[in-house]
Amino acid sequence: MLPAWIIVIGVFIGAMIWTFVISMTNSRLIPIYKFNFFDQYVRLMGNDGWLVSVGNLVVFGVLFIAICLVLGFLMAIMMDQKIRGESLFRTIFLYPYAMSFVVTGLVWQWVLNPTFGIQATVRGWGFDTFVFDWIVRPDRAIFVLVLAAVWQGSGLVMAILLAGLRGVDEDLWKATKVDGIAKWRVYTSIVLPIIAPMAATATVLLSVAVVKAYDLVVALTGGGPGNATEVPAKFVMENLFERQNVALANAGAIMMLAAVVIVATPIYYARRSMAQKAAG
Amino acid sequence: MAQRQEKNIARFGVYAFLVIMAAFFLMPLYVMVATSLKTMDEVRGSSIFAFPLRPTLEAWATAWNSACTGLTCAGVSVGFFNSLKIMIPSTFLSIMLGAVTGYALSFWRPKGAGVIFAVLVVAAFIPYQVFIYPLVRVLSQVGLYNSLGGIIMVHVIFGLPIMVLMFRNYYAGLPRDLFSAARVDGGGFWDIFFRLMLPLSPPIMIVAVILQSTHIWNDFLFGLVFAGSDNRPMTVLLNNIVNTTQGEKAYNVDMAATILTALVPLVIYLASGRWFVRGIAAGAVKG
Amino acid sequence: MTAVSIKDLEIQFGSVKVLQNLNLDIASGEFIVLLGSSGCGKSTLLNSIAGLIDVHGGKILIGDKDMTHAEPKDRGIGMVFQSYALYPQTTVEGNLTFGLRMAKLPKDEIERRVARVSDMLQIKPYLKRRPAALSGGQRQRVAIGRALVRDADVYLFDEPLSNLDAKLRAELRVELKTLHEDIGKTMIYVTHDQVEAMTLATRIAVMQNGVIQQLASPEEIYNRPANLFVADFIGSPAMNFLSGTLGAVGERVEFRLKDGHVLDVSAYPFAKRPSAPMEAILGIRPEHLAISPREGLLPLDMAVNVIETMGADTVIWGTCGAEKISVRVNSELKLNPPRGSMLKLGFSLGSASLFSAADGLRL
């Protein structure tokens, strides 16, 4: 138990406190314990780079999670129709999840390359005016990030929700048939509430991935064009290691932590109350 | 009969949807492989979707031993071996630590077990950025920063939450009477662990190995920060090769390097099949 | 009028034929119990009547209409499931009305039906609760209610009491019987519990390997089992079986037991008097063996082995020749024969059964 204690107290709790303490100073490269309390947070709120990255993250996160859930649910439903080749489809839908964000980012960077990728190919088919250059357009690049992330993560949602669907009582399906309830109706009004805890789990996992988003951005767009795809995790890393703004970076990290808490806590409680309701 | 027809249309819709989705998921993989098998001339001259006319492994060879990152031109092979050197001990150590801790938590229930467990569960969700700076300071104090030992340690630390969670849940599912019987028979902490629990653990061990090895292989952030220039893992090297090329970009080499980097987790995934799904499920139950 | 008629039904899962050439006619208002151990095809048969699985051959008629390929909702059936299968996200009332609302019934009609059914099943107090907040017995009552509000002609029950504890099961069994007598609708009920079958059914269909072994009233099934399987399946402790040889000796028919003992079975109501000697099996229920043989009973000897006291009854286990037999007596008799002692038993041919050893059929 000793190593676990050391890691739990020394690393997780200790480091968190240390990071918080430093965020209250104005350390640049090495820690200086002269406290100015929440100055860094005020600075952060006035920092354009930070604000832009937070805005990007919100757009990215909302779209990514929503699309993943809808697509994952659809795929899970389709997979649940006693289809042939289920394991083949499962393998195909899930393999991107085994790939690193770096690989994901680089592949999509290539596929979406305006000079060689999809745009060039479709133009080659004769559609000369076809435009699909989101990756180099500041107002669209964030959607490229969403696209690649959905490609990587929606299989995971599918797998989680499919496991949920498989757990639905066979007799319940029979009952709905005897009652003459249309299939889509069963999925939306009966099955969806049953697998809501699974959907909540998936949402938490996706949200954590959103807040942590770093590798994918670095590999796919490098935060650009301009700062169109900058994200908080990248902002923190740059201020830690390149700009020597340690205190500001740590304030950003604490804000990221707060974001996770704010997103995950209500979902956690909702999930628990759902589970309690189901259990009586 | 009309119903039959309706059913057939519905089934066709299901398969159409699945096939289209499958195409979306497979497309990047195909493009990646196809591009890596072309020469640069062919890449420039054809669509990314075009089948390579004269498949060649030249780009693969270049990617493996002579692709450049900045001034060094040694390919991704260096990163491959670095990643192996990081992955194998990290996976082994984090699993062992997770297994022992999970075993202790679920059977011996030491004082404060609840606290440890709660902190670990929460820690699994915390952005790594919160921990990075203090870790860098501490590791450089003890001389482990930018070393193989340092990066392994970091992986073990951050693998602990999920590993403990998995093993604790697994052991909690075993009958407690088994443990009681072993206690009555006079087994101590390590006796029971090595002679009783470990032999019962292969199912969860397999899942843990799959999960940890792919996680660690795919890691970028820790490798970037803690590994140092001598131990850069493959992902970091790959990103450097592709995103910092000076002069003309060799897309075929880039894609070959990308496949090479994706290969290990891909092989683990394909070989493990359903176990991988179980690993995800085990990871998903947390919280 | 037949309520349900099944003709030459054939069902297969993959290449395995689960049911083949199955025929069953159920009269309106009957309570038919499909009885058998798991895997005998009874649930498959029920599900095919409900339209929940595909039929590969034959016909299913409900109320004289061909329903072989009709949708479940169009068959005029209500169904109750072992796992209750209540819709978890809605209240008891929601469960009762969901199907009716889907069928676009007028509001006052729905209210009328819910009121009637919830009165009948005494579930009014928890109409506003969710299924999760109910006990097992209450949940199954709601599930029965959900079937009843459909106002169907035929009600199907798939092991509805199996998930309940013994006491509740007995309670609901009585309620179901009362319910059947009150509404007089046709009911088809699947179970593996012979007590349920014996108490509820107007007729029982005993099934094995996808074949109906016997379709008859509970009394008939108990007293005159059609074959060895039915004889063995029904009754607890099981029927005693003694093997021997059956042969005609002049006017008389004799049954020679393995140990050489000869019984005169001329008075047995043979379907067909055996002419040539044949291997046969004599079946006698434990409670049909008398401890103090009177005049006119056929004698048997038994070596006592173990005595089991079961409250009202006592079961004495022992052997007759080399074969294990049991005798069930009233506990009031306070019998306690020592182990190894010999008991003189007697039985009447009227309560015994003879089966052919070759095909197991009743003689």
# chains A, B, ... in the order shown; residues from 1 in each chain; ligands from 1

$ select_by_dssp --residues "stretch 15-191 of chain B" --states "strand (DSSP E)" --output "count of residues only"
4

$ interface_residues --of "chain A" --to "chain B" --cutoff "6 Å" --atoms "only C-alpha atoms" --output "VMD selection string"
chain A and resid 15 78 98 to 100 103 117 121 212 253

$ write_last_selection --atoms "C-alpha atoms" --output "short mmCIF file (atom, residue, chain, number, x, y, z; two decimals), in the first residue's frame"
data_model
loop_
_atom_site.label_atom_id
_atom_site.label_comp_id
_atom_site.auth_asym_id
_atom_site.auth_seq_id
_atom_site.Cartn_x
_atom_site.Cartn_y
_atom_site.Cartn_z
CA ALA A 15 1.20 18.28 -7.13
CA MET A 78 -27.87 -0.47 -36.40
CA ALA A 98 -6.60 2.22 -30.92
CA MET A 99 -4.61 4.86 -32.81
CA SER A 100 -2.84 7.72 -31.17
CA VAL A 103 -1.48 9.46 -35.98
CA GLY A 117 -6.49 15.62 -50.62
CA THR A 121 -9.62 14.65 -55.93
CA LYS A 212 -7.22 17.17 -22.34
CA ALA A 253 -4.16 24.27 -15.65
#

$ interface_residues --of "chain C" --to "chain A" --cutoff "8 Å" --atoms "only C-alpha atoms" --output "JSON, numbers by chain"
{"C": [50, 52, 71, 72, 73, 74, 77, 78, 79, 80, 81, 82, 83, 84, 85, 86, 87, 88, 89, 98, 99, 100, 102, 103, 132, 133, 134]}

$ interface_residues --of "chain C" --to "chain B" --cutoff "12 Å" --atoms "only C-alpha atoms" --output "PyMOL selection string"
chain C and resi 54+69-71

$ closest_residue --among "B:Ser106, B:Tyr170, B:Leu237, B:Pro55" --to "A:Ala219" --atoms "only C-alpha atoms"
B:Leu237

$ select_by_dssp --residues "stretch 118-279 of chain C" --states "alpha helix (DSSP H)" --output "number ranges by chain"
C: 118-120, 136-148, 166-183, 194-200, 218-223, 228-233

$ write_last_selection --atoms "C-alpha atoms" --output "short mmCIF file (atom, residue, chain, number, x, y, z; two decimals), in the first residue's frame"
data_model
loop_
_atom_site.label_atom_id
_atom_site.label_comp_id
_atom_site.auth_asym_id
_atom_site.auth_seq_id
_atom_site.Cartn_x
_atom_site.Cartn_y
_atom_site.Cartn_z
CA SER C 118 -56.51 -1.79 -11.57
CA ASP C 119 -59.59 -2.61 -9.50
CA MET C 120 -59.46 -6.21 -10.52
CA GLY C 136 -41.79 -8.54 -7.31
CA GLY C 137 -45.37 -9.59 -6.68
CA GLN C 138 -46.67 -6.09 -7.35
CA ARG C 139 -44.62 -5.85 -10.54
CA GLN C 140 -46.02 -9.08 -11.85
CA ARG C 141 -49.53 -7.87 -11.04
CA VAL C 142 -48.84 -4.75 -13.08
CA ALA C 143 -47.52 -6.89 -15.92
CA ILE C 144 -50.69 -8.95 -15.83
CA GLY C 145 -52.62 -5.69 -15.80
CA ARG C 146 -50.77 -4.47 -18.86
CA ALA C 147 -51.86 -7.62 -20.68
CA LEU C 148 -55.45 -7.32 -19.46
CA ALA C 166 -42.63 -19.66 -2.96
CA LYS C 167 -45.21 -17.86 -0.82
CA LEU C 168 -45.96 -15.16 -3.40
CA ARG C 169 -46.08 -17.76 -6.10
CA ALA C 170 -48.81 -19.67 -4.27
CA GLU C 171 -50.73 -16.43 -3.70
CA LEU C 172 -50.59 -15.28 -7.30
CA ARG C 173 -51.46 -18.76 -8.51
CA VAL C 174 -54.77 -18.53 -6.72
CA GLU C 175 -55.29 -15.01 -8.06
CA LEU C 176 -54.64 -16.17 -11.60
CA LYS C 177 -57.15 -18.98 -11.23
CA THR C 178 -59.75 -16.58 -9.88
CA LEU C 179 -58.96 -14.18 -12.69
CA HIS C 180 -59.51 -16.87 -15.29
CA GLU C 181 -62.83 -17.84 -13.75
CA ASP C 182 -63.89 -14.18 -13.64
CA ILE C 183 -63.07 -13.15 -17.17
CA GLN C 194 -46.04 -29.10 -12.21
CA VAL C 195 -47.90 -27.74 -9.21
CA GLU C 196 -48.82 -24.64 -11.22
CA ALA C 197 -49.85 -26.84 -14.11
CA MET C 198 -51.98 -29.16 -11.99
CA THR C 199 -53.75 -26.36 -10.14
CA LEU C 200 -54.34 -23.90 -12.98
CA PRO C 218 -54.72 -32.66 -14.94
CA GLU C 219 -56.54 -35.68 -13.46
CA GLU C 220 -56.03 -37.71 -16.61
CA ILE C 221 -52.35 -36.74 -16.83
CA TYR C 222 -51.82 -37.67 -13.21
CA ASN C 223 -53.77 -40.89 -13.11
CA LEU C 228 -43.29 -43.30 -19.29
CA PHE C 229 -42.02 -39.74 -19.76
CA VAL C 230 -45.23 -38.14 -18.57
CA ALA C 231 -45.57 -40.68 -15.76
CA ASP C 232 -42.06 -39.89 -14.56
CA PHE C 233 -42.29 -36.11 -15.06
#

$ residues_around --residues "stretch 38-49 of chain A" --least-positions-apart "4" --cutoff "12 Å" --atoms "only C-alpha atoms" --output "NGL selection string"
:A and (20-28 or 34 or 53-56 or 223 or 226-236 or 238-239 or 245-255)

$ residues_around --residues "C:Leu333" --least-positions-apart "6" --cutoff "12 Å" --atoms "only C-alpha atoms" --output "PyMOL selection string"
chain C and resi 291-292+309+312-315

$ atom_distance --atom1 "atom CA of C:Phe13" --atom2 "atom CA of C:Leu35"
21.0 Å

$ atom_distance --atom1 "atom CA of C:Leu282" --atom2 "atom CA of C:Cys40"
25.9 Å

$ atom_distance --atom1 "atom CA of C:Ile110" --atom2 "atom CA of C:Thr97"
6.8 Å

$ residues_around --residues "B:Ser229" --least-positions-apart "5" --cutoff "12 Å" --atoms "only C-alpha atoms" --output "list in words"
Thr69, Thr72, Val78, Gly79, Asn82, Tyr145, Asn146, Ser147, Leu148, Ile151, Gly223, Leu224, Met234, Val236, Leu237 and Asn240 of chain B

$ write_last_selection --atoms "N, CA and C atoms" --output "compact mmCIF listing (two decimals), in the first residue's frame"
# COMPACT_ATOMS: atom_id res chain seq x y z
N THR B 69 14.48 14.64 -38.69
CA THR B 69 13.88 15.60 -37.79
C THR B 69 14.95 16.63 -37.53
N THR B 72 19.01 15.60 -37.45
CA THR B 72 19.31 14.18 -37.45
C THR B 72 18.40 13.46 -38.43
N VAL B 78 14.49 4.82 -34.50
CA VAL B 78 14.99 5.21 -33.18
C VAL B 78 13.83 5.31 -32.20
N GLY B 79 12.78 6.00 -32.66
CA GLY B 79 11.60 6.17 -31.82
C GLY B 79 10.93 4.85 -31.51
N ASN B 82 12.86 3.32 -28.81
CA ASN B 82 12.63 4.09 -27.58
C ASN B 82 11.26 3.77 -26.99
N TYR B 145 14.71 13.75 -14.58
CA TYR B 145 14.10 14.48 -15.68
C TYR B 145 14.88 14.20 -16.95
N ASN B 146 14.18 14.03 -18.06
CA ASN B 146 14.82 13.70 -19.33
C ASN B 146 15.60 12.39 -19.29
N SER B 147 15.04 11.42 -18.58
CA SER B 147 15.69 10.12 -18.57
C SER B 147 14.65 9.03 -18.77
N LEU B 148 15.14 7.85 -19.13
CA LEU B 148 14.25 6.72 -19.35
C LEU B 148 13.50 6.39 -18.06
N ILE B 151 10.58 8.90 -17.44
CA ILE B 151 9.37 8.75 -18.24
C ILE B 151 8.61 7.48 -17.83
N GLY B 223 5.84 11.86 -23.27
CA GLY B 223 7.06 11.63 -24.02
C GLY B 223 7.74 12.94 -24.38
N LEU B 224 6.91 13.89 -24.75
CA LEU B 224 7.42 15.20 -25.15
C LEU B 224 8.10 15.91 -23.97
N MET B 234 8.15 7.18 -30.27
CA MET B 234 7.86 7.20 -31.69
C MET B 234 6.86 8.31 -32.06
N VAL B 236 6.34 11.22 -30.70
CA VAL B 236 6.98 12.54 -30.70
C VAL B 236 7.86 12.70 -31.93
N LEU B 237 8.62 11.64 -32.20
CA LEU B 237 9.51 11.67 -33.35
C LEU B 237 8.71 11.84 -34.65
N ASN B 240 7.51 15.31 -35.09
CA ASN B 240 8.62 16.16 -35.49
C ASN B 240 8.94 16.00 -36.97

$ residues_around --residues "A:Ala270" --least-positions-apart "6" --cutoff "10 Å" --atoms "only C-alpha atoms" --output "list in words"
Ala196, Pro197, Ala200, Ala264 and Gln276 of chain A

$ residues_around --residues "C:Trp317" --least-positions-apart "2" --cutoff "9 Å" --atoms "only C-alpha atoms" --output "JSON, numbers by chain"
{"C": [302, 303, 304, 305, 306, 307, 308, 315, 319, 324, 325, 326, 327, 328]}
